Amino acid sequence: MPELIINARRAAISETLEVRRILPFRERRMVGPFIFMDHAGPLTLQPAEVTAMDVLPHPHIGLSTVTYLFDGRVTHRDSLGSLQTIRPGEVNWMTAGKGISHSERFEDPELLANSSLEMLQTWVALPESDEECEPTFTNYQPEQLSIYSDKGIWMRLIAGKAYGLQSKVSTHSPLFYLHVRLDAGAKLDLPREHSERGVYIAKGTLEVSGRVYTMGQLLVFSKTEHPTLIAKSDCTIMLLGGEPLGERFIWWNFVSSRRERIEQAKADWQSGRIILPPNDNKEFIPLPESKFRTTSRPPEPEALS
């Protein structure tokens, strides 16, 4: 049996884009180093609605953001000057470290033509020794990611190690993150080499120890539990977890092992010390006490020292 079942809650990340928020949860902030998980869609979009979903430039510290799509297109811009449209099966891995800002825009012509979107974003907390590292951004193509398939089972290893697979995605601590599809009736054991493990059901229904769980639920397991997942219908699930990093503070988009570092990040964003993306610097998201969209901001410094 799972030690905890987390039901996704609704949350807004832009003026019109609502998501299912899975982590953090009041009874369980993290699963391994994973401290945040959102599931957007599946959405059928009207062209007039698309730009209103844009997630304007906003800051992060102390974490890596991991963006993965089932459907659609998203354009990423960040304060390093990166410009990347992510497509299904690719991974955008952005490590914020001491501070970065980025935007996610729904402007790609293929998204507008197909009018559909489904995406997941997770945040991975950084070890204390890496919390103030230099920010980086990398896009990984599908051919760089390991695939495994067997009768009724297909999986792509997004990051880390599991089931004898090793991802080329660069990480800072031991973890695993997989996209798995199970045909109805297929069975899968969770990997055993990790201390904390979670199963998020993105589509379909799963049976575990005689109980049935459904879309939008995250099942959390300890290392002593060795469950077998049985697909009651065709399923899409995300497996994630790893080794715990210790206590973390989280406020808005900031994660740190030190409460005072969160306060510094608030002041840095308020004053413009975290710069905006040079190719998307006309508007931004202020600290949460204000509205989603604004264009007034103090002059930007050169960069973080």
# chains A, B, ... in the order shown; residues from 1 in each chain; ligands from 1

$ residues_around --residues "stretch 3-8 of chain A" --least-positions-apart "4" --cutoff "6 Å" --atoms "only C-alpha atoms" --output "PDB file with N, CA and C atoms, in the first residue's frame"
ATOM      1  N   ARG A  20      -3.061  21.042 -12.736  1.00  0.00           N
ATOM      2  CA  ARG A  20      -3.210  20.186 -11.564  1.00  0.00           C
ATOM      3  C   ARG A  20      -1.905  20.258 -10.780  1.00  0.00           C
ATOM      4  N   ARG A  21      -1.957  20.709  -9.556  1.00  0.00           N
ATOM      5  CA  ARG A  21      -0.742  20.795  -8.730  1.00  0.00           C
ATOM      6  C   ARG A  21      -0.672  19.579  -7.820  1.00  0.00           C
ATOM      7  N   ILE A  22       0.448  18.871  -7.896  1.00  0.00           N
ATOM      8  CA  ILE A  22       0.626  17.640  -7.139  1.00  0.00           C
ATOM      9  C   ILE A  22       1.578  17.864  -5.966  1.00  0.00           C
ATOM     10  N   GLY A 216      -4.697  11.809 -11.792  1.00  0.00           N
ATOM     11  CA  GLY A 216      -4.542  12.947 -10.895  1.00  0.00           C
ATOM     12  C   GLY A 216      -4.082  12.585  -9.507  1.00  0.00           C
ATOM     13  N   GLN A 217      -3.752  11.318  -9.257  1.00  0.00           N
ATOM     14  CA  GLN A 217      -3.276  10.894  -7.943  1.00  0.00           C
ATOM     15  C   GLN A 217      -1.789  10.549  -7.994  1.00  0.00           C
ATOM     16  N   LEU A 218      -1.070  10.970  -6.967  1.00  0.00           N
ATOM     17  CA  LEU A 218       0.331  10.598  -6.772  1.00  0.00           C
ATOM     18  C   LEU A 218       0.389   9.621  -5.609  1.00  0.00           C
ATOM     19  N   LEU A 219       0.910   8.426  -5.874  1.00  0.00           N
ATOM     20  CA  LEU A 219       1.070   7.406  -4.847  1.00  0.00           C
ATOM     21  C   LEU A 219       2.528   7.435  -4.396  1.00  0.00           C
ATOM     22  N   VAL A 220       2.750   7.594  -3.098  1.00  0.00           N
ATOM     23  CA  VAL A 220       4.103   7.714  -2.556  1.00  0.00           C
ATOM     24  C   VAL A 220       4.443   6.454  -1.776  1.00  0.00           C
ATOM     25  N   PHE A 221       5.621   5.875  -2.051  1.00  0.00           N
ATOM     26  CA  PHE A 221       6.051   4.628  -1.441  1.00  0.00           C
ATOM     27  C   PHE A 221       7.405   4.805  -0.767  1.00  0.00           C
TER      28      PHE A 221
END

$ closest_atom_pairs --of "stretch 192-288 of chain A" --to "stretch 121-130 of chain A" --cutoff "8 Å" --atoms "only C-alpha atoms" --output "Markdown table"
| residue | atom | partner | partner_atom | distance |
| --- | --- | --- | --- | --- |
| A:Leu245 | CA | A:Pro127 | CA | 6.3 |
| A:Arg248 | CA | A:Ala125 | CA | 8.0 |
| A:Val255 | CA | A:Ala125 | CA | 6.9 |
| A:Ser256 | CA | A:Ala125 | CA | 7.9 |
| A:Ser257 | CA | A:Glu128 | CA | 6.7 |

$ write_last_selection --atoms "N, CA and C atoms" --output "tab-separated table (two decimals), in the first residue's frame"
chain	number	residue	atom	x	y	z
A	245	LEU	N	17.12	15.09	0.28
A	245	LEU	CA	18.20	16.07	0.44
A	245	LEU	C	18.16	16.77	1.79
A	248	ARG	N	13.92	21.66	3.07
A	248	ARG	CA	13.99	22.78	2.14
A	248	ARG	C	12.84	23.75	2.42
A	255	VAL	N	13.50	28.04	-3.84
A	255	VAL	CA	13.76	26.89	-2.99
A	255	VAL	C	15.15	27.05	-2.39
A	256	SER	N	15.27	26.79	-1.09
A	256	SER	CA	16.58	26.90	-0.45
A	256	SER	C	16.59	26.11	0.85
A	257	SER	N	17.79	25.73	1.27
A	257	SER	CA	17.97	25.11	2.58
A	257	SER	C	18.02	26.16	3.68

$ residues_around --residues "A:Leu43" --least-positions-apart "2" --cutoff "8 Å" --atoms "only C-alpha atoms" --output "list in words"
Ala40, Gly41, Leu45, Ser115, Ser116, Leu117 and Glu118 of chain A

$ select_by_dssp --residues "stretch 70-294 of chain A" --states "alpha helix (DSSP H)" --output "PyMOL selection string"
chain A and resi 109-114+259-271

$ write_last_selection --atoms "C-alpha atoms" --output "compact mmCIF listing (two decimals), in the first residue's frame"
# COMPACT_ATOMS: atom_id res chain seq x y z
CA PRO A 109 2.84 28.03 -35.10
CA GLU A 110 2.55 24.23 -34.74
CA LEU A 111 0.81 24.67 -31.38
CA LEU A 112 -1.60 27.16 -32.92
CA ALA A 113 -2.27 24.78 -35.81
CA ASN A 114 -2.80 21.67 -33.66
CA ARG A 259 15.14 30.69 5.08
CA GLU A 260 17.18 33.89 4.82
CA ARG A 261 18.16 33.00 1.25
CA ILE A 262 14.48 33.05 0.29
CA GLU A 263 14.21 36.56 1.71
CA GLN A 264 17.23 37.63 -0.29
CA ALA A 265 15.70 36.20 -3.47
CA LYS A 266 12.51 38.19 -2.86
CA ALA A 267 14.53 41.39 -2.57
CA ASP A 268 16.67 40.50 -5.60
CA TRP A 269 13.61 40.08 -7.82
CA GLN A 270 11.87 43.14 -6.42
CA SER A 271 14.92 45.32 -7.11

$ residues_around --residues "A:Arg29" --least-positions-apart "5" --cutoff "10 Å" --atoms "only C-alpha atoms" --output "PDB file with C-alpha atoms, in the first residue's frame"
ATOM      1  CA  ILE A  22       0.626  17.640  -7.139  1.00  0.00           C
ATOM      2  CA  LEU A  23       3.705  18.794  -5.197  1.00  0.00           C
ATOM      3  CA  PRO A  24       4.376  20.366  -2.783  1.00  0.00           C
ATOM      4  CA  PHE A  34      11.415  16.425  -6.334  1.00  0.00           C
ATOM      5  CA  ILE A  35       9.773  19.379  -4.614  1.00  0.00           C
ATOM      6  CA  PHE A  36       7.211  20.526  -7.203  1.00  0.00           C
ATOM      7  CA  GLU A 247      14.716  20.165   4.777  1.00  0.00           C
ATOM      8  CA  ARG A 248      13.985  22.784   2.140  1.00  0.00           C
ATOM      9  CA  PHE A 249      12.120  26.061   2.322  1.00  0.00           C
ATOM     10  CA  ILE A 250       9.885  26.919  -0.623  1.00  0.00           C
TER      11      ILE A 250
END

$ residues_around --residues "A:Glu207" --least-positions-apart "3" --cutoff "9 Å" --atoms "only C-alpha atoms" --output "list in words"
Gly210, Arg211, Val212, Tyr213, Thr214, Thr228, Leu229, Ile230, Ala231 and Lys232 of chain A

$ write_last_selection --atoms "N, CA and C atoms" --output "mmCIF file, in the first residue's frame"
data_model
loop_
_atom_site.group_PDB
_atom_site.id
_atom_site.type_symbol
_atom_site.label_atom_id
_atom_site.label_comp_id
_atom_site.auth_asym_id
_atom_site.auth_seq_id
_atom_site.Cartn_x
_atom_site.Cartn_y
_atom_site.Cartn_z
ATOM 1 N N GLY A 210 -4.592 -4.462 -4.432
ATOM 2 C CA GLY A 210 -6.030 -4.666 -4.402
ATOM 3 C C GLY A 210 -6.883 -3.423 -4.439
ATOM 4 N N ARG A 211 -6.260 -2.234 -4.388
ATOM 5 C CA ARG A 211 -7.013 -0.981 -4.473
ATOM 6 C C ARG A 211 -6.765 -0.310 -5.811
ATOM 7 N N VAL A 212 -7.773 0.410 -6.313
ATOM 8 C CA VAL A 212 -7.679 1.052 -7.621
ATOM 9 C C VAL A 212 -7.511 2.558 -7.449
ATOM 10 N N TYR A 213 -6.562 3.114 -8.189
ATOM 11 C CA TYR A 213 -6.262 4.542 -8.150
ATOM 12 C C TYR A 213 -6.410 5.107 -9.556
ATOM 13 N N THR A 214 -6.640 6.423 -9.618
ATOM 14 C CA THR A 214 -7.027 6.991 -10.908
ATOM 15 C C THR A 214 -6.264 8.276 -11.209
ATOM 16 N N THR A 228 3.578 -3.929 -6.877
ATOM 17 C CA THR A 228 3.412 -4.206 -8.295
ATOM 18 C C THR A 228 2.254 -3.359 -8.803
ATOM 19 N N LEU A 229 2.502 -2.595 -9.866
ATOM 20 C CA LEU A 229 1.470 -1.771 -10.477
ATOM 21 C C LEU A 229 0.776 -2.586 -11.553
ATOM 22 N N ILE A 230 -0.558 -2.634 -11.503
ATOM 23 C CA ILE A 230 -1.342 -3.368 -12.488
ATOM 24 C C ILE A 230 -2.258 -2.376 -13.198
ATOM 25 N N ALA A 231 -2.116 -2.271 -14.506
ATOM 26 C CA ALA A 231 -2.940 -1.343 -15.280
ATOM 27 C C ALA A 231 -4.344 -1.903 -15.449
ATOM 28 N N LYS A 232 -5.332 -1.213 -14.887
ATOM 29 C CA LYS A 232 -6.725 -1.626 -15.053
ATOM 30 C C LYS A 232 -7.292 -1.146 -16.392
#

$ select_by_dssp --residues "stretch 29-253 of chain A" --states "strand (DSSP E or B)" --output "MDAnalysis selection string"
chainID A and resid 31 34:44 55:61 63:71 74:78 83:86 91:95 100:105 116:125 136:140 146:150 153:162 165:166 175:182 187:189 196:203 205:208 211:214 217:222 228:231 235:242 249:251

$ closest_residue --among "A:Thr236, A:Thr138, A:Thr67, A:Ser146" --to "A:Thr205" --atoms "only C-alpha atoms"
A:Thr236

$ closest_residue --among "A:Leu145, A:Ala11, A:Leu17, A:Val31" --to "A:Lys223" --atoms "only C-alpha atoms"
A:Val31

$ atom_distance --atom1 "atom CA of A:Asp183" --atom2 "atom CA of A:Glu90"
22.6 Å

$ atom_distance --atom1 "atom CA of A:Val66" --atom2 "atom CA of A:Phe254"
14.9 Å

$ residues_around --residues "A:Val91" --least-positions-apart "4" --cutoff "9 Å" --atoms "only C-alpha atoms" --output "PDB file with N, CA and C atoms, in the first residue's frame"
ATOM      1  N   VAL A  66      12.250  21.035 -14.725  1.00  0.00           N
ATOM      2  CA  VAL A  66      12.250  19.975 -15.728  1.00  0.00           C
ATOM      3  C   VAL A  66      10.919  20.032 -16.460  1.00  0.00           C
ATOM      4  N   THR A  67      10.952  20.382 -17.746  1.00  0.00           N
ATOM      5  CA  THR A  67       9.739  20.515 -18.542  1.00  0.00           C
ATOM      6  C   THR A  67       9.670  19.369 -19.539  1.00  0.00           C
ATOM      7  N   TYR A  68       8.500  18.711 -19.595  1.00  0.00           N
ATOM      8  CA  TYR A  68       8.308  17.533 -20.443  1.00  0.00           C
ATOM      9  C   TYR A  68       6.891  17.582 -20.998  1.00  0.00           C
ATOM     10  N   LEU A  69       6.756  17.381 -22.307  1.00  0.00           N
ATOM     11  CA  LEU A  69       5.455  17.499 -22.975  1.00  0.00           C
ATOM     12  C   LEU A  69       4.964  16.157 -23.489  1.00  0.00           C
ATOM     13  N   ILE A  86      10.257  23.600 -27.049  1.00  0.00           N
ATOM     14  CA  ILE A  86      10.265  22.196 -26.642  1.00  0.00           C
ATOM     15  C   ILE A  86       9.071  21.486 -27.255  1.00  0.00           C
ATOM     16  N   ARG A  87       9.323  20.249 -27.715  1.00  0.00           N
ATOM     17  CA  ARG A  87       8.309  19.418 -28.358  1.00  0.00           C
ATOM     18  C   ARG A  87       8.142  18.135 -27.563  1.00  0.00           C
ATOM     19  N   THR A 138      19.722  23.328 -20.676  1.00  0.00           N
ATOM     20  CA  THR A 138      20.010  22.327 -21.705  1.00  0.00           C
ATOM     21  C   THR A 138      18.706  21.731 -22.202  1.00  0.00           C
ATOM     22  N   ASN A 139      18.597  21.598 -23.527  1.00  0.00           N
ATOM     23  CA  ASN A 139      17.501  20.855 -24.140  1.00  0.00           C
ATOM     24  C   ASN A 139      18.043  19.504 -24.580  1.00  0.00           C
ATOM     25  N   TYR A 140      17.320  18.436 -24.204  1.00  0.00           N
ATOM     26  CA  TYR A 140      17.698  17.083 -24.591  1.00  0.00           C
ATOM     27  C   TYR A 140      16.673  16.556 -25.592  1.00  0.00           C
ATOM     28  N   GLN A 141      17.165  16.038 -26.713  1.00  0.00           N
ATOM     29  CA  GLN A 141      16.311  15.496 -27.760  1.00  0.00           C
ATOM     30  C   GLN A 141      15.889  14.060 -27.429  1.00  0.00           C
ATOM     31  N   PRO A 142      14.774  13.579 -28.005  1.00  0.00           N
ATOM     32  CA  PRO A 142      14.299  12.223 -27.686  1.00  0.00           C
ATOM     33  C   PRO A 142      15.339  11.134 -27.910  1.00  0.00           C
ATOM     34  N   LEU A 145      17.559  10.102 -24.988  1.00  0.00           N
ATOM     35  CA  LEU A 145      16.925   9.519 -23.814  1.00  0.00           C
ATOM     36  C   LEU A 145      16.708   8.025 -24.016  1.00  0.00           C
ATOM     37  N   ILE A 158      13.648   9.807 -18.387  1.00  0.00           N
ATOM     38  CA  ILE A 158      13.897  11.236 -18.551  1.00  0.00           C
ATOM     39  C   ILE A 158      15.188  11.635 -17.859  1.00  0.00           C
ATOM     40  N   VAL A 169      20.924  12.901 -19.158  1.00  0.00           N
ATOM     41  CA  VAL A 169      20.599  14.200 -18.566  1.00  0.00           C
ATOM     42  C   VAL A 169      21.448  14.413 -17.321  1.00  0.00           C
TER      43      VAL A 169
END

$ residues_around --residues "stretch 174-176 of chain A" --least-positions-apart "4" --cutoff "12 Å" --atoms "only C-alpha atoms" --output "ChimeraX atom specification"
/A:31-34,124-127,156-170,190-199,238-245

$ write_last_selection --atoms "N, CA and C atoms" --output "short mmCIF file (atom, residue, chain, number, x, y, z; two decimals), in the first residue's frame"
data_model
loop_
_atom_site.label_atom_id
_atom_site.label_comp_id
_atom_site.auth_asym_id
_atom_site.auth_seq_id
_atom_site.Cartn_x
_atom_site.Cartn_y
_atom_site.Cartn_z
N VAL A 31 9.39 14.26 -2.75
CA VAL A 31 9.60 12.83 -2.97
C VAL A 31 11.01 12.71 -3.55
N GLY A 32 11.96 12.19 -2.75
CA GLY A 32 13.36 12.30 -3.13
C GLY A 32 13.69 13.79 -3.24
N PRO A 33 14.38 14.21 -4.31
CA PRO A 33 14.67 15.65 -4.46
C PRO A 33 13.57 16.42 -5.18
N PHE A 34 12.49 15.75 -5.60
CA PHE A 34 11.42 16.42 -6.33
C PHE A 34 10.55 17.21 -5.35
N VAL A 124 13.38 20.05 -9.21
CA VAL A 124 14.28 19.20 -8.45
C VAL A 124 15.13 20.11 -7.57
N ALA A 125 15.04 19.94 -6.25
CA ALA A 125 15.86 20.73 -5.34
C ALA A 125 17.33 20.36 -5.51
N LEU A 126 18.19 21.32 -5.29
CA LEU A 126 19.63 21.10 -5.43
C LEU A 126 20.26 20.77 -4.07
N PRO A 127 21.31 19.95 -4.06
CA PRO A 127 22.06 19.76 -2.81
C PRO A 127 22.60 21.10 -2.31
N ARG A 156 10.25 5.72 -21.16
CA ARG A 156 11.37 6.61 -21.51
C ARG A 156 11.96 7.14 -20.21
N LEU A 157 13.26 6.93 -20.02
CA LEU A 157 13.94 7.46 -18.84
C LEU A 157 14.31 8.91 -19.10
N ILE A 158 13.65 9.81 -18.39
CA ILE A 158 13.90 11.24 -18.55
C ILE A 158 15.19 11.64 -17.86
N ALA A 159 15.41 11.14 -16.66
CA ALA A 159 16.62 11.52 -15.91
C ALA A 159 16.93 10.45 -14.87
N GLY A 160 18.22 10.33 -14.54
CA GLY A 160 18.65 9.45 -13.46
C GLY A 160 18.88 8.02 -13.90
N LYS A 161 18.66 7.09 -12.95
CA LYS A 161 18.87 5.66 -13.18
C LYS A 161 17.66 4.88 -12.69
N ALA A 162 17.26 3.88 -13.49
CA ALA A 162 16.17 2.96 -13.08
C ALA A 162 16.09 1.83 -14.09
N TYR A 163 15.71 0.66 -13.60
CA TYR A 163 15.48 -0.52 -14.45
C TYR A 163 16.70 -0.84 -15.32
N GLY A 164 17.89 -0.56 -14.83
CA GLY A 164 19.10 -0.82 -15.60
C GLY A 164 19.40 0.21 -16.66
N LEU A 165 18.58 1.26 -16.76
CA LEU A 165 18.79 2.33 -17.73
C LEU A 165 19.53 3.49 -17.07
N GLN A 166 20.28 4.24 -17.88
CA GLN A 166 21.02 5.40 -17.39
C GLN A 166 20.75 6.57 -18.33
N SER A 167 20.27 7.68 -17.78
CA SER A 167 19.97 8.85 -18.60
C SER A 167 21.22 9.70 -18.82
N LYS A 168 21.28 10.37 -19.97
CA LYS A 168 22.36 11.30 -20.27
C LYS A 168 22.10 12.69 -19.71
N VAL A 169 20.92 12.90 -19.16
CA VAL A 169 20.60 14.20 -18.57
C VAL A 169 21.45 14.41 -17.32
N SER A 170 22.08 15.57 -17.23
CA SER A 170 22.97 15.88 -16.11
C SER A 170 22.14 16.28 -14.88
N LEU A 190 7.92 -1.37 -9.12
CA LEU A 190 8.69 -0.14 -8.96
C LEU A 190 10.18 -0.46 -8.82
N PRO A 191 11.06 0.42 -9.31
CA PRO A 191 12.49 0.21 -9.08
C PRO A 191 12.78 0.25 -7.58
N ARG A 192 13.72 -0.58 -7.15
CA ARG A 192 13.96 -0.74 -5.71
C ARG A 192 15.17 0.01 -5.18
N GLU A 193 15.98 0.59 -6.08
CA GLU A 193 17.26 1.13 -5.63
C GLU A 193 17.17 2.53 -5.03
N HIS A 194 15.96 3.12 -4.97
CA HIS A 194 15.81 4.48 -4.48
C HIS A 194 15.04 4.52 -3.16
N SER A 195 15.40 5.46 -2.29
CA SER A 195 14.80 5.54 -0.96
C SER A 195 13.35 5.99 -0.99
N GLU A 196 13.03 6.92 -1.88
CA GLU A 196 11.68 7.47 -1.96
C GLU A 196 11.21 7.38 -3.41
N ARG A 197 9.95 6.93 -3.58
CA ARG A 197 9.43 6.69 -4.92
C ARG A 197 7.98 7.15 -5.00
N GLY A 198 7.64 7.71 -6.15
CA GLY A 198 6.27 8.15 -6.38
C GLY A 198 5.78 7.70 -7.74
N VAL A 199 4.47 7.49 -7.84
CA VAL A 199 3.81 7.11 -9.09
C VAL A 199 2.69 8.12 -9.32
N MET A 238 3.88 8.66 -14.53
CA MET A 238 5.22 9.21 -14.33
C MET A 238 5.76 8.64 -13.03
N LEU A 239 6.93 8.02 -13.10
CA LEU A 239 7.61 7.50 -11.92
C LEU A 239 8.74 8.45 -11.56
N LEU A 240 8.84 8.79 -10.28
CA LEU A 240 9.85 9.76 -9.86
C LEU A 240 10.25 9.52 -8.43
N GLY A 241 11.44 10.00 -8.08
CA GLY A 241 11.91 9.88 -6.71
C GLY A 241 13.43 9.92 -6.67
N GLY A 242 13.98 9.37 -5.59
CA GLY A 242 15.43 9.37 -5.41
C GLY A 242 15.78 9.48 -3.95
N GLU A 243 16.93 10.07 -3.69
CA GLU A 243 17.41 10.20 -2.32
C GLU A 243 17.02 11.56 -1.75
N PRO A 244 16.55 11.60 -0.51
CA PRO A 244 16.16 12.88 0.09
C PRO A 244 17.36 13.77 0.32
N LEU A 245 17.12 15.09 0.28
CA LEU A 245 18.20 16.07 0.44
C LEU A 245 18.16 16.77 1.79
#
